[in-house]
$ cat final-v9.pdb   # PDB, C-alpha atoms
ATOM      1  CA  MET A   1     116.838-105.918 151.861  1.00  0.00           C
ATOM      2  CA  THR A   2     118.946-106.666 148.779  1.00  0.00           C
ATOM      3  CA  TRP A   3     118.857-104.662 145.579  1.00  0.00           C
ATOM      4  CA  GLU A   4     118.590-106.865 142.466  1.00  0.00           C
ATOM      5  CA  TRP A   5     120.275-104.933 139.656  1.00  0.00           C
ATOM      6  CA  SER A   6     120.404-108.075 137.546  1.00  0.00           C
ATOM      7  CA  VAL A   7     116.612-108.237 137.423  1.00  0.00           C
ATOM      8  CA  ILE A   8     116.445-104.786 135.823  1.00  0.00           C
ATOM      9  CA  TRP A   9     118.920-105.699 133.089  1.00  0.00           C
ATOM     10  CA  GLN A  10     117.272-109.076 132.570  1.00  0.00           C
ATOM     11  CA  TYR A  11     113.790-107.635 132.014  1.00  0.00           C
ATOM     12  CA  LEU A  12     114.788-104.347 130.387  1.00  0.00           C
ATOM     13  CA  PRO A  13     113.839-105.604 126.892  1.00  0.00           C
ATOM     14  CA  ARG A  14     110.354-106.415 128.194  1.00  0.00           C
ATOM     15  CA  LEU A  15     110.078-102.935 129.665  1.00  0.00           C
ATOM     16  CA  MET A  16     111.049-101.511 126.292  1.00  0.00           C
ATOM     17  CA  GLU A  17     108.212-103.490 124.691  1.00  0.00           C
ATOM     18  CA  GLY A  18     105.829-101.888 127.164  1.00  0.00           C
ATOM     19  CA  ALA A  19     107.362 -98.465 126.489  1.00  0.00           C
ATOM     20  CA  TRP A  20     106.758 -98.911 122.758  1.00  0.00           C
ATOM     21  CA  LEU A  21     103.090 -99.678 123.415  1.00  0.00           C
ATOM     22  CA  THR A  22     102.902 -96.578 125.626  1.00  0.00           C
ATOM     23  CA  LEU A  23     104.312 -94.448 122.806  1.00  0.00           C
ATOM     24  CA  GLU A  24     101.787 -95.940 120.383  1.00  0.00           C
ATOM     25  CA  LEU A  25      98.904 -95.068 122.690  1.00  0.00           C
ATOM     26  CA  VAL A  26     100.134 -91.509 123.211  1.00  0.00           C
ATOM     27  CA  LEU A  27     100.926 -90.860 119.538  1.00  0.00           C
ATOM     28  CA  ILE A  28      97.737 -92.300 118.025  1.00  0.00           C
ATOM     29  CA  SER A  29      95.403 -90.822 120.627  1.00  0.00           C
ATOM     30  CA  GLY A  30      97.236 -87.493 120.377  1.00  0.00           C
ATOM     31  CA  LEU A  31      96.739 -87.297 116.610  1.00  0.00           C
ATOM     32  CA  ILE A  32      93.075 -88.248 116.880  1.00  0.00           C
ATOM     33  CA  GLY A  33      92.675 -85.803 119.753  1.00  0.00           C
ATOM     34  CA  ILE A  34      94.062 -82.894 117.716  1.00  0.00           C
ATOM     35  CA  ALA A  35      91.793 -83.772 114.792  1.00  0.00           C
ATOM     36  CA  LEU A  36      88.806 -83.582 117.149  1.00  0.00           C
ATOM     37  CA  ALA A  37      90.071 -80.573 119.104  1.00  0.00           C
ATOM     38  CA  ILE A  38      90.415 -78.214 116.112  1.00  0.00           C
ATOM     39  CA  PRO A  39      86.718 -78.110 115.126  1.00  0.00           C
ATOM     40  CA  LEU A  40      85.697 -78.179 118.797  1.00  0.00           C
ATOM     41  CA  SER A  41      87.898 -75.172 119.575  1.00  0.00           C
ATOM     42  CA  LEU A  42      86.551 -73.224 116.579  1.00  0.00           C
ATOM     43  CA  MET A  43      83.007 -73.930 117.720  1.00  0.00           C
ATOM     44  CA  ARG A  44      83.854 -72.945 121.306  1.00  0.00           C
ATOM     45  CA  ALA A  45      85.326 -69.648 120.110  1.00  0.00           C
ATOM     46  CA  SER A  46      82.186 -68.840 118.143  1.00  0.00           C
ATOM     47  CA  SER A  47      79.844 -66.106 119.344  1.00  0.00           C
ATOM     48  CA  GLN A  48      76.816 -68.239 118.470  1.00  0.00           C
ATOM     49  CA  PHE A  49      75.380 -69.880 121.606  1.00  0.00           C
ATOM     50  CA  TRP A  50      73.844 -72.826 119.764  1.00  0.00           C
ATOM     51  CA  LEU A  51      77.186 -73.547 118.075  1.00  0.00           C
ATOM     52  CA  LYS A  52      79.297 -73.582 121.225  1.00  0.00           C
ATOM     53  CA  ALA A  53      76.806 -75.332 123.535  1.00  0.00           C
ATOM     54  CA  LEU A  54      77.609 -78.858 122.310  1.00  0.00           C
ATOM     55  CA  PRO A  55      81.432 -78.589 122.550  1.00  0.00           C
ATOM     56  CA  PHE A  56      81.046 -76.905 125.956  1.00  0.00           C
ATOM     57  CA  THR A  57      79.064 -79.913 127.238  1.00  0.00           C
ATOM     58  CA  TYR A  58      81.571 -82.343 125.749  1.00  0.00           C
ATOM     59  CA  ILE A  59      84.567 -80.511 127.239  1.00  0.00           C
ATOM     60  CA  TYR A  60      82.846 -80.117 130.609  1.00  0.00           C
ATOM     61  CA  PHE A  61      82.162 -83.862 130.837  1.00  0.00           C
ATOM     62  CA  PHE A  62      85.612 -85.096 129.864  1.00  0.00           C
ATOM     63  CA  ARG A  63      87.469 -82.494 131.936  1.00  0.00           C
ATOM     64  CA  GLY A  64      85.201 -83.024 134.932  1.00  0.00           C
ATOM     65  CA  THR A  65      85.388 -86.819 135.188  1.00  0.00           C
ATOM     66  CA  PRO A  66      88.447 -88.989 135.933  1.00  0.00           C
ATOM     67  CA  LEU A  67      90.229 -90.594 133.013  1.00  0.00           C
ATOM     68  CA  LEU A  68      89.969 -93.983 134.728  1.00  0.00           C
ATOM     69  CA  VAL A  69      86.177 -93.710 134.794  1.00  0.00           C
ATOM     70  CA  GLN A  70      86.156 -92.819 131.096  1.00  0.00           C
ATOM     71  CA  ILE A  71      88.292 -95.861 130.276  1.00  0.00           C
ATOM     72  CA  PHE A  72      85.938 -98.121 132.211  1.00  0.00           C
ATOM     73  CA  LEU A  73      82.887 -96.579 130.525  1.00  0.00           C
ATOM     74  CA  VAL A  74      84.313 -97.339 127.090  1.00  0.00           C
ATOM     75  CA  TYR A  75      85.748-100.779 127.894  1.00  0.00           C
ATOM     76  CA  TYR A  76      83.094-102.180 130.226  1.00  0.00           C
ATOM     77  CA  GLY A  77      80.124 -99.938 129.481  1.00  0.00           C
ATOM     78  CA  ALA A  78      79.892-100.408 125.719  1.00  0.00           C
ATOM     79  CA  SER A  79      79.588-104.184 126.060  1.00  0.00           C
ATOM     80  CA  GLN A  80      76.439-103.804 128.185  1.00  0.00           C
ATOM     81  CA  PHE A  81      74.349-102.772 125.173  1.00  0.00           C
ATOM     82  CA  GLU A  82      73.176-105.461 122.807  1.00  0.00           C
ATOM     83  CA  PHE A  83      72.979-103.155 119.801  1.00  0.00           C
ATOM     84  CA  VAL A  84      76.681-102.352 120.310  1.00  0.00           C
ATOM     85  CA  ARG A  85      77.622-106.033 120.428  1.00  0.00           C
ATOM     86  CA  GLU A  86      75.699-106.629 117.214  1.00  0.00           C
ATOM     87  CA  SER A  87      77.091-103.584 115.396  1.00  0.00           C
ATOM     88  CA  ILE A  88      80.079-103.378 113.059  1.00  0.00           C
ATOM     89  CA  LEU A  89      81.945-101.495 115.799  1.00  0.00           C
ATOM     90  CA  TRP A  90      82.043-104.477 118.151  1.00  0.00           C
ATOM     91  CA  PRO A  91      85.287-105.982 116.701  1.00  0.00           C
ATOM     92  CA  ILE A  92      86.948-102.697 117.732  1.00  0.00           C
ATOM     93  CA  LEU A  93      85.160-102.050 121.022  1.00  0.00           C
ATOM     94  CA  LYS A  94      85.867-105.533 122.356  1.00  0.00           C
ATOM     95  CA  GLN A  95      89.631-104.997 122.157  1.00  0.00           C
ATOM     96  CA  PRO A  96      91.259-103.219 125.121  1.00  0.00           C
ATOM     97  CA  TYR A  97      93.850-101.604 122.837  1.00  0.00           C
ATOM     98  CA  TRP A  98      91.280 -99.678 120.817  1.00  0.00           C
ATOM     99  CA  CYS A  99      89.140 -98.933 123.868  1.00  0.00           C
ATOM    100  CA  ALA A 100      92.161 -97.283 125.483  1.00  0.00           C
ATOM    101  CA  ILE A 101      92.854 -95.242 122.352  1.00  0.00           C
ATOM    102  CA  ILE A 102      89.212 -94.126 122.154  1.00  0.00           C
ATOM    103  CA  ALA A 103      89.165 -93.076 125.814  1.00  0.00           C
ATOM    104  CA  PHE A 104      92.536 -91.289 125.593  1.00  0.00           C
ATOM    105  CA  SER A 105      91.560 -89.551 122.349  1.00  0.00           C
ATOM    106  CA  LEU A 106      88.253 -88.256 123.695  1.00  0.00           C
ATOM    107  CA  ASN A 107      89.927 -87.104 126.902  1.00  0.00           C
ATOM    108  CA  THR A 108      92.839 -85.261 125.315  1.00  0.00           C
ATOM    109  CA  ALA A 109      90.540 -83.748 122.673  1.00  0.00           C
ATOM    110  CA  ALA A 110      88.598 -81.998 125.443  1.00  0.00           C
ATOM    111  CA  TYR A 111      91.718 -80.535 127.069  1.00  0.00           C
ATOM    112  CA  SER A 112      93.322 -79.631 123.745  1.00  0.00           C
ATOM    113  CA  ALA A 113      90.147 -77.957 122.493  1.00  0.00           C
ATOM    114  CA  GLU A 114      90.121 -75.676 125.519  1.00  0.00           C
ATOM    115  CA  LEU A 115      93.800 -74.837 124.988  1.00  0.00           C
ATOM    116  CA  PHE A 116      93.252 -73.992 121.329  1.00  0.00           C
ATOM    117  CA  ARG A 117      90.087 -72.039 122.148  1.00  0.00           C
ATOM    118  CA  SER A 118      91.978 -69.778 124.529  1.00  0.00           C
ATOM    119  CA  ALA A 119      94.789 -69.449 121.965  1.00  0.00           C
ATOM    120  CA  ILE A 120      92.326 -68.441 119.238  1.00  0.00           C
ATOM    121  CA  GLN A 121      90.846 -65.776 121.473  1.00  0.00           C
ATOM    122  CA  ALA A 122      94.372 -64.547 122.310  1.00  0.00           C
ATOM    123  CA  ILE A 123      95.185 -63.753 118.671  1.00  0.00           C
ATOM    124  CA  PRO A 124      95.521 -59.949 118.295  1.00  0.00           C
ATOM    125  CA  VAL A 125      92.396 -58.472 116.729  1.00  0.00           C
ATOM    126  CA  GLY A 126      94.537 -56.429 114.334  1.00  0.00           C
ATOM    127  CA  GLU A 127      95.725 -59.596 112.583  1.00  0.00           C
ATOM    128  CA  ILE A 128      92.158 -60.707 111.922  1.00  0.00           C
ATOM    129  CA  GLU A 129      91.206 -57.230 110.743  1.00  0.00           C
ATOM    130  CA  ALA A 130      94.225 -57.174 108.415  1.00  0.00           C
ATOM    131  CA  ALA A 131      93.135 -60.502 106.926  1.00  0.00           C
ATOM    132  CA  GLU A 132      89.623 -59.161 106.394  1.00  0.00           C
ATOM    133  CA  ALA A 133      91.022 -55.992 104.819  1.00  0.00           C
ATOM    134  CA  MET A 134      92.918 -58.151 102.339  1.00  0.00           C
ATOM    135  CA  GLY A 135      89.654 -59.788 101.313  1.00  0.00           C
ATOM    136  CA  MET A 136      90.261 -63.193 102.877  1.00  0.00           C
ATOM    137  CA  SER A 137      87.161 -65.313 103.355  1.00  0.00           C
ATOM    138  CA  LYS A 138      86.493 -66.870 106.755  1.00  0.00           C
ATOM    139  CA  PRO A 139      87.746 -70.359 105.756  1.00  0.00           C
ATOM    140  CA  VAL A 140      90.947 -68.825 104.361  1.00  0.00           C
ATOM    141  CA  GLN A 141      91.429 -66.830 107.553  1.00  0.00           C
ATOM    142  CA  VAL A 142      91.057 -69.985 109.611  1.00  0.00           C
ATOM    143  CA  ARG A 143      93.515 -71.936 107.461  1.00  0.00           C
ATOM    144  CA  ARG A 144      96.183 -69.279 106.938  1.00  0.00           C
ATOM    145  CA  ILE A 145      95.929 -66.977 109.965  1.00  0.00           C
ATOM    146  CA  ILE A 146      93.901 -68.309 112.883  1.00  0.00           C
ATOM    147  CA  LEU A 147      95.044 -71.933 113.148  1.00  0.00           C
ATOM    148  CA  PRO A 148      98.792 -71.302 112.603  1.00  0.00           C
ATOM    149  CA  ARG A 149      98.829 -68.433 115.118  1.00  0.00           C
ATOM    150  CA  ALA A 150      96.703 -70.351 117.622  1.00  0.00           C
ATOM    151  CA  PHE A 151      98.953 -73.391 117.357  1.00  0.00           C
ATOM    152  CA  GLY A 152     102.039 -71.282 118.021  1.00  0.00           C
ATOM    153  CA  ILE A 153     100.412 -69.647 121.043  1.00  0.00           C
ATOM    154  CA  ALA A 154      99.120 -72.936 122.485  1.00  0.00           C
ATOM    155  CA  LEU A 155     102.258 -74.956 121.764  1.00  0.00           C
ATOM    156  CA  PRO A 156     103.939 -74.612 125.210  1.00  0.00           C
ATOM    157  CA  ALA A 157     100.719 -75.530 127.031  1.00  0.00           C
ATOM    158  CA  TYR A 158     100.025 -78.376 124.601  1.00  0.00           C
ATOM    159  CA  GLY A 159     103.448 -79.820 125.382  1.00  0.00           C
ATOM    160  CA  ASN A 160     102.334 -80.087 129.006  1.00  0.00           C
ATOM    161  CA  GLU A 161      99.154 -81.825 127.849  1.00  0.00           C
ATOM    162  CA  VAL A 162     101.205 -84.444 125.982  1.00  0.00           C
ATOM    163  CA  ILE A 163     103.254 -85.072 129.130  1.00  0.00           C
ATOM    164  CA  LEU A 164     100.015 -85.530 131.066  1.00  0.00           C
ATOM    165  CA  MET A 165      98.849 -87.948 128.374  1.00  0.00           C
ATOM    166  CA  LEU A 166     102.051 -89.927 128.803  1.00  0.00           C
ATOM    167  CA  LYS A 167     101.512 -90.221 132.546  1.00  0.00           C
ATOM    168  CA  GLY A 168      97.805 -90.939 132.121  1.00  0.00           C
ATOM    169  CA  SER A 169      98.593 -93.775 129.713  1.00  0.00           C
ATOM    170  CA  ALA A 170      99.649 -95.813 132.748  1.00  0.00           C
ATOM    171  CA  LEU A 171      95.915 -96.369 133.365  1.00  0.00           C
ATOM    172  CA  ALA A 172      95.815 -98.571 130.267  1.00  0.00           C
ATOM    173  CA  SER A 173      97.197-101.348 132.448  1.00  0.00           C
ATOM    174  CA  THR A 174      93.848-101.457 134.286  1.00  0.00           C
ATOM    175  CA  ILE A 175      92.210-103.020 131.200  1.00  0.00           C
ATOM    176  CA  THR A 176      94.849-105.731 130.720  1.00  0.00           C
ATOM    177  CA  LEU A 177      97.151-103.816 128.359  1.00  0.00           C
ATOM    178  CA  LEU A 178     100.854-104.446 128.869  1.00  0.00           C
ATOM    179  CA  ASP A 179     102.064-100.902 128.493  1.00  0.00           C
ATOM    180  CA  LEU A 180     105.109 -99.738 130.451  1.00  0.00           C
ATOM    181  CA  THR A 181     103.301 -99.792 133.799  1.00  0.00           C
ATOM    182  CA  GLY A 182     101.422-102.985 132.971  1.00  0.00           C
ATOM    183  CA  MET A 183     104.627-104.736 131.944  1.00  0.00           C
ATOM    184  CA  ALA A 184     106.342-103.601 135.143  1.00  0.00           C
ATOM    185  CA  ARG A 185     103.481-104.983 137.229  1.00  0.00           C
ATOM    186  CA  THR A 186     103.623-108.295 135.354  1.00  0.00           C
ATOM    187  CA  ILE A 187     107.369-108.594 135.958  1.00  0.00           C
ATOM    188  CA  ILE A 188     106.896-107.734 139.646  1.00  0.00           C
ATOM    189  CA  ALA A 189     104.352-110.537 139.976  1.00  0.00           C
ATOM    190  CA  ARG A 190     107.024-112.965 138.749  1.00  0.00           C
ATOM    191  CA  THR A 191     110.143-111.634 140.459  1.00  0.00           C
ATOM    192  CA  TYR A 192     108.793-109.918 143.620  1.00  0.00           C
ATOM    193  CA  THR A 193     111.047-106.910 143.013  1.00  0.00           C
ATOM    194  CA  PRO A 194     108.671-103.913 143.104  1.00  0.00           C
ATOM    195  CA  LEU A 195     111.275-101.266 143.941  1.00  0.00           C
ATOM    196  CA  GLU A 196     113.623-102.271 141.145  1.00  0.00           C
ATOM    197  CA  MET A 197     110.934-102.575 138.477  1.00  0.00           C
ATOM    198  CA  PHE A 198     109.023 -99.425 139.352  1.00  0.00           C
ATOM    199  CA  LEU A 199     112.293 -97.483 139.515  1.00  0.00           C
ATOM    200  CA  ALA A 200     113.269 -98.775 136.081  1.00  0.00           C
ATOM    201  CA  ALA A 201     109.811 -97.957 134.698  1.00  0.00           C
ATOM    202  CA  GLY A 202     110.008 -94.467 136.215  1.00  0.00           C
ATOM    203  CA  LEU A 203     113.382 -93.845 134.573  1.00  0.00           C
ATOM    204  CA  VAL A 204     111.967 -94.913 131.203  1.00  0.00           C
ATOM    205  CA  TYR A 205     109.057 -92.509 131.676  1.00  0.00           C
ATOM    206  CA  LEU A 206     111.553 -89.758 132.484  1.00  0.00           C
ATOM    207  CA  ALA A 207     113.538 -90.526 129.330  1.00  0.00           C
ATOM    208  CA  ILE A 208     110.396 -90.389 127.176  1.00  0.00           C
ATOM    209  CA  SER A 209     109.347 -87.135 128.856  1.00  0.00           C
ATOM    210  CA  ALA A 210     112.758 -85.624 128.112  1.00  0.00           C
ATOM    211  CA  LEU A 211     112.388 -86.519 124.435  1.00  0.00           C
ATOM    212  CA  ILE A 212     108.910 -84.997 124.288  1.00  0.00           C
ATOM    213  CA  ILE A 213     110.086 -81.809 126.013  1.00  0.00           C
ATOM    214  CA  GLY A 214     113.004 -81.501 123.597  1.00  0.00           C
ATOM    215  CA  LEU A 215     110.708 -82.038 120.610  1.00  0.00           C
ATOM    216  CA  PHE A 216     108.275 -79.359 121.752  1.00  0.00           C
ATOM    217  CA  ARG A 217     111.104 -76.926 122.507  1.00  0.00           C
ATOM    218  CA  PHE A 218     112.293 -77.368 118.931  1.00  0.00           C
ATOM    219  CA  MET A 219     108.764 -76.965 117.554  1.00  0.00           C
ATOM    220  CA  GLU A 220     108.214 -73.872 119.699  1.00  0.00           C
ATOM    221  CA  TYR A 221     111.379 -72.333 118.303  1.00  0.00           C
ATOM    222  CA  ARG A 222     110.284 -73.086 114.742  1.00  0.00           C
ATOM    223  CA  PHE A 223     106.697 -71.848 115.092  1.00  0.00           C
ATOM    224  CA  ASN A 224     107.531 -68.816 117.243  1.00  0.00           C
ATOM    225  CA  ARG A 225     110.754 -67.715 115.593  1.00  0.00           C
ATOM    226  CA  TYR A 226     109.784 -64.048 115.844  1.00  0.00           C
ATOM    227  CA  GLN A 227     110.169 -64.262 119.645  1.00  0.00           C
ATOM    228  CA  TYR A 228     113.828 -65.197 119.296  1.00  0.00           C
ATOM    229  CA  TYR A 229     114.896 -62.436 116.912  1.00  0.00           C
ATOM    230  CA  HIS A 230     117.608 -60.195 118.326  1.00  0.00           C
ATOM    231  CA  HIS A 231     117.949 -56.490 117.581  1.00  0.00           C
ATOM    232  CA  THR A 232     120.908 -55.691 115.363  1.00  0.00           C
ATOM    233  CA  ASP A 233     122.606 -52.393 116.078  1.00  0.00           C
ATOM    234  CA  THR A 234     122.758 -49.905 113.222  1.00  0.00           C
ATOM    235  CA  PRO A 235     126.298 -49.626 111.814  1.00  0.00           C
ATOM    236  CA  LYS A 236     128.058 -46.513 113.107  1.00  0.00           C
ATOM    237  CA  GLY A 237     129.327 -45.491 109.664  1.00  0.00           C
ATOM    238  CA  LEU A 238     125.847 -45.505 108.102  1.00  0.00           C
ATOM    239  CA  ASP A 239     124.747 -42.289 106.374  1.00  0.00           C
ATOM    240  CA  ALA A 240     122.622 -40.172 108.727  1.00  0.00           C
ATOM    241  CA  GLN A 241     119.844 -39.948 106.134  1.00  0.00           C
ATOM    242  CA  LEU A 242     119.499 -43.745 106.169  1.00  0.00           C
ATOM    243  CA  ARG A 243     119.234 -44.042 109.955  1.00  0.00           C
ATOM    244  CA  ASP A 244     115.906 -44.796 111.606  1.00  0.00           C
ATOM    245  CA  PRO A 245     115.657 -42.945 114.940  1.00  0.00           C
ATOM    246  CA  HIS A 246     113.135 -45.515 116.214  1.00  0.00           C
ATOM    247  CA  ILE A 247     115.626 -48.351 115.720  1.00  0.00           C
ATOM    248  CA  ASP A 248     118.557 -46.426 117.202  1.00  0.00           C
ATOM    249  CA  GLN A 249     116.692 -45.830 120.459  1.00  0.00           C
TER     250      GLN A 249
END
$ encode --input "final-v9.pdb" --output "structure tokens"
Amino acid sequence: MTWEWSVIWQYLPRLMEGAWLTLELVLISGLIGIALAIPLSLMRASSQFWLKALPFTYIYFFRGTPLLVQIFLVYYGASQFEFVRESILWPILKQPYWCAIIAFSLNTAAYSAELFRSAIQAIPVGEIEAAEAMGMSKPVQVRRIILPRAFGIALPAYGNEVILMLKGSALASTITLLDLTGMARTIIARTYTPLEMFLAAGLVYLAISALIIGLFRFMEYRFNRYQYYHHTDTPKGLDAQLRDPHIDQ
């Protein structure tokens, strides 16, 4: 067996085209997913049964079925209904690009909603009580207290969800999209070099994952700055009346 390094360098620009499409799918579906996940998580955290029943069913379905099945349901299933083909949505639903984004968005919204729901319920009760004591209305509490705190708590876990989205985006190649995996498979069909192309594609995925991890580490530091504060020792020459015994301990 011979290793064809020249094939990797020859088709690297094509792999980068596929990587750009992969990033588009992850970014767009991630933004749509967050927009859907926020109201779903607030409804799931509600104490009203009728309010949390619908998001529970939605989350249960999309977390309990494979992403590949969901992609096929959107791409192949929607075209089976005549009213869909005659609707204004058909120009979108007949394109594999938008079908992939719809499936990815609905899938990640379910996982993200559950992450944010657990983060909302993990917020210390004293913070909510303090907001109520200050006279904040419920919408103001959600905007200024609950969502920022929940996002900071859920940020590390949400970074893992984005990585899973990146890896799951490889399934877009099953509906004819030339993402990173789809482009690699197309090149392999021409050059018969599966090891070289899949290795190159894997390294590109690793590079993208490293960038995402670095971005979320930076965001985690910014949103959770209080966790990185270090205790500063009280100066030894400070007047005894100005010392705080609780800090000196």
$ residues_around --input "final-v9.pdb" --residues "Ala109 (chain A)" --least-positions-apart "2" --cutoff "7 Å" --atoms "all atoms listed in the file" --output "PyMOL selection string"
chain A and resi 33-34+36-37+105-107+111-113
$ resolve_selection --input "final-v9.pdb" --expression "the PyMOL selection byres ((chain A and resi 62) around 9)" --output "list in words"
Thr57, Tyr58, Ile59, Tyr60, Phe61, Arg63, Gly64, Thr65, Pro66, Leu67, Gln70, Leu106, Asn107, Thr108, Ala109, Ala110 and Tyr111 of chain A
$ residues_around --input "final-v9.pdb" --residues "Gly214 (chain A)" --least-positions-apart "6" --cutoff "10 Å" --atoms "only C-alpha atoms" --output "PyMOL selection string"
chain A and resi 159+208+220
$ resolve_selection --input "final-v9.pdb" --expression "the PyMOL selection byres ((chain A and resi 122) around 12)" --output "list in words"
Ala45, Leu115, Phe116, Arg117, Ser118, Ala119, Ile120, Gln121, Ile123, Pro124, Val125, Gly126, Glu127, Ile128, Ile146, Leu147, Arg149, Ala150, Phe151, Gly152, Ile153 and Ala154 of chain A
$ resolve_selection --input "final-v9.pdb" --expression "the PyMOL selection byres ((chain A and resi 93) around 12)" --output "short mmCIF file (atom, residue, chain, number, x, y, z; two decimals) with C-alpha atoms, in the frame of the given file"
data_model
loop_
_atom_site.label_atom_id
_atom_site.label_comp_id
_atom_site.auth_asym_id
_atom_site.auth_seq_id
_atom_site.Cartn_x
_atom_site.Cartn_y
_atom_site.Cartn_z
CA ILE A 71 88.29 -95.86 130.28
CA PHE A 72 85.94 -98.12 132.21
CA LEU A 73 82.89 -96.58 130.52
CA VAL A 74 84.31 -97.34 127.09
CA TYR A 75 85.75 -100.78 127.89
CA TYR A 76 83.09 -102.18 130.23
CA GLY A 77 80.12 -99.94 129.48
CA ALA A 78 79.89 -100.41 125.72
CA SER A 79 79.59 -104.18 126.06
CA GLN A 80 76.44 -103.80 128.18
CA PHE A 81 74.35 -102.77 125.17
CA VAL A 84 76.68 -102.35 120.31
CA ARG A 85 77.62 -106.03 120.43
CA GLU A 86 75.70 -106.63 117.21
CA SER A 87 77.09 -103.58 115.40
CA ILE A 88 80.08 -103.38 113.06
CA LEU A 89 81.94 -101.50 115.80
CA TRP A 90 82.04 -104.48 118.15
CA PRO A 91 85.29 -105.98 116.70
CA ILE A 92 86.95 -102.70 117.73
CA LYS A 94 85.87 -105.53 122.36
CA GLN A 95 89.63 -105.00 122.16
CA PRO A 96 91.26 -103.22 125.12
CA TYR A 97 93.85 -101.60 122.84
CA TRP A 98 91.28 -99.68 120.82
CA CYS A 99 89.14 -98.93 123.87
CA ALA A 100 92.16 -97.28 125.48
CA ILE A 101 92.85 -95.24 122.35
CA ILE A 102 89.21 -94.13 122.15
CA ALA A 103 89.16 -93.08 125.81
#
$ atom_distance --input "final-v9.pdb" --atom1 "CA of Ser137 (chain A)" --atom2 "CA of Ser41 (chain A)"
19.0 Å
$ atom_distance --input "final-v9.pdb" --atom1 "CA of Ala189 (chain A)" --atom2 "CA of Val204 (chain A)"
19.5 Å
$ closest_residue --input "final-v9.pdb" --among "A:Thr176, A:Ser209, A:Ser169, A:Thr181" --to "Glu17 (chain A)" --atoms "all atoms listed in the file"
A:Thr181
$ atom_distance --input "final-v9.pdb" --atom1 "CA of Glu4 (chain A)" --atom2 "CA of Ala172 (chain A)"
27.1 Å
$ closest_residue --input "final-v9.pdb" --among "A:Ala130, A:Lys138, A:Tyr192, A:Phe216" --to "Ala157 (chain A)" --atoms "only C-alpha atoms"
A:Phe216
$ residues_around --input "final-v9.pdb" --residues "Glu196 (chain A)" --least-positions-apart "4" --cutoff "8 Å" --atoms "all atoms listed in the file" --output "list in words"
Trp3, Glu4, Trp5, Val7, Ile8 and Ala200 of chain A
$ closest_residue --input "final-v9.pdb" --among "A:Leu68, A:Leu206, A:Tyr158, A:Phe56" --to "Leu171 (chain A)" --atoms "all atoms listed in the file"
A:Leu68
$ closest_residue --input "final-v9.pdb" --among "A:Pro148, A:Leu166, A:Ser46, A:Glu114" --to "Asn224 (chain A)" --atoms "all atoms listed in the file"
A:Pro148
$ axis_aligned_box --input "final-v9.pdb" --around "region 82-95 of chain A" --padding-each-side "3 Å" --output "lines of an AutoDock Vina configuration file"
center_x = 81.3
center_y = -104.1
center_z = 117.9
size_x = 22.7
size_y = 11.1
size_z = 15.7
$ closest_residue --input "final-v9.pdb" --among "A:Ser173, A:Asn160, A:Thr193, A:Gln48" --to "Ile213 (chain A)" --atoms "all atoms listed in the file"
A:Asn160
$ residues_around --input "final-v9.pdb" --residues "Leu180 (chain A)" --least-positions-apart "2" --cutoff "7 Å" --atoms "all atoms listed in the file" --output "PDB file with C-alpha atoms, keeping the file's coordinate frame"
ATOM      1  CA  LEU A  15     110.078-102.935 129.665  1.00  0.00           C
ATOM      2  CA  GLY A  18     105.829-101.888 127.164  1.00  0.00           C
ATOM      3  CA  ALA A  19     107.362 -98.465 126.489  1.00  0.00           C
ATOM      4  CA  THR A  22     102.902 -96.578 125.626  1.00  0.00           C
ATOM      5  CA  LEU A 178     100.854-104.446 128.869  1.00  0.00           C
ATOM      6  CA  GLY A 182     101.422-102.985 132.971  1.00  0.00           C
ATOM      7  CA  MET A 183     104.627-104.736 131.944  1.00  0.00           C
ATOM      8  CA  ALA A 184     106.342-103.601 135.143  1.00  0.00           C
ATOM      9  CA  ALA A 201     109.811 -97.957 134.698  1.00  0.00           C
TER      10      ALA A 201
END
$ closest_residue --input "final-v9.pdb" --among "A:Ser6, A:Thr191, A:Ser29, A:Thr174" --to "Phe104 (chain A)" --atoms "only C-alpha atoms"
A:Ser29
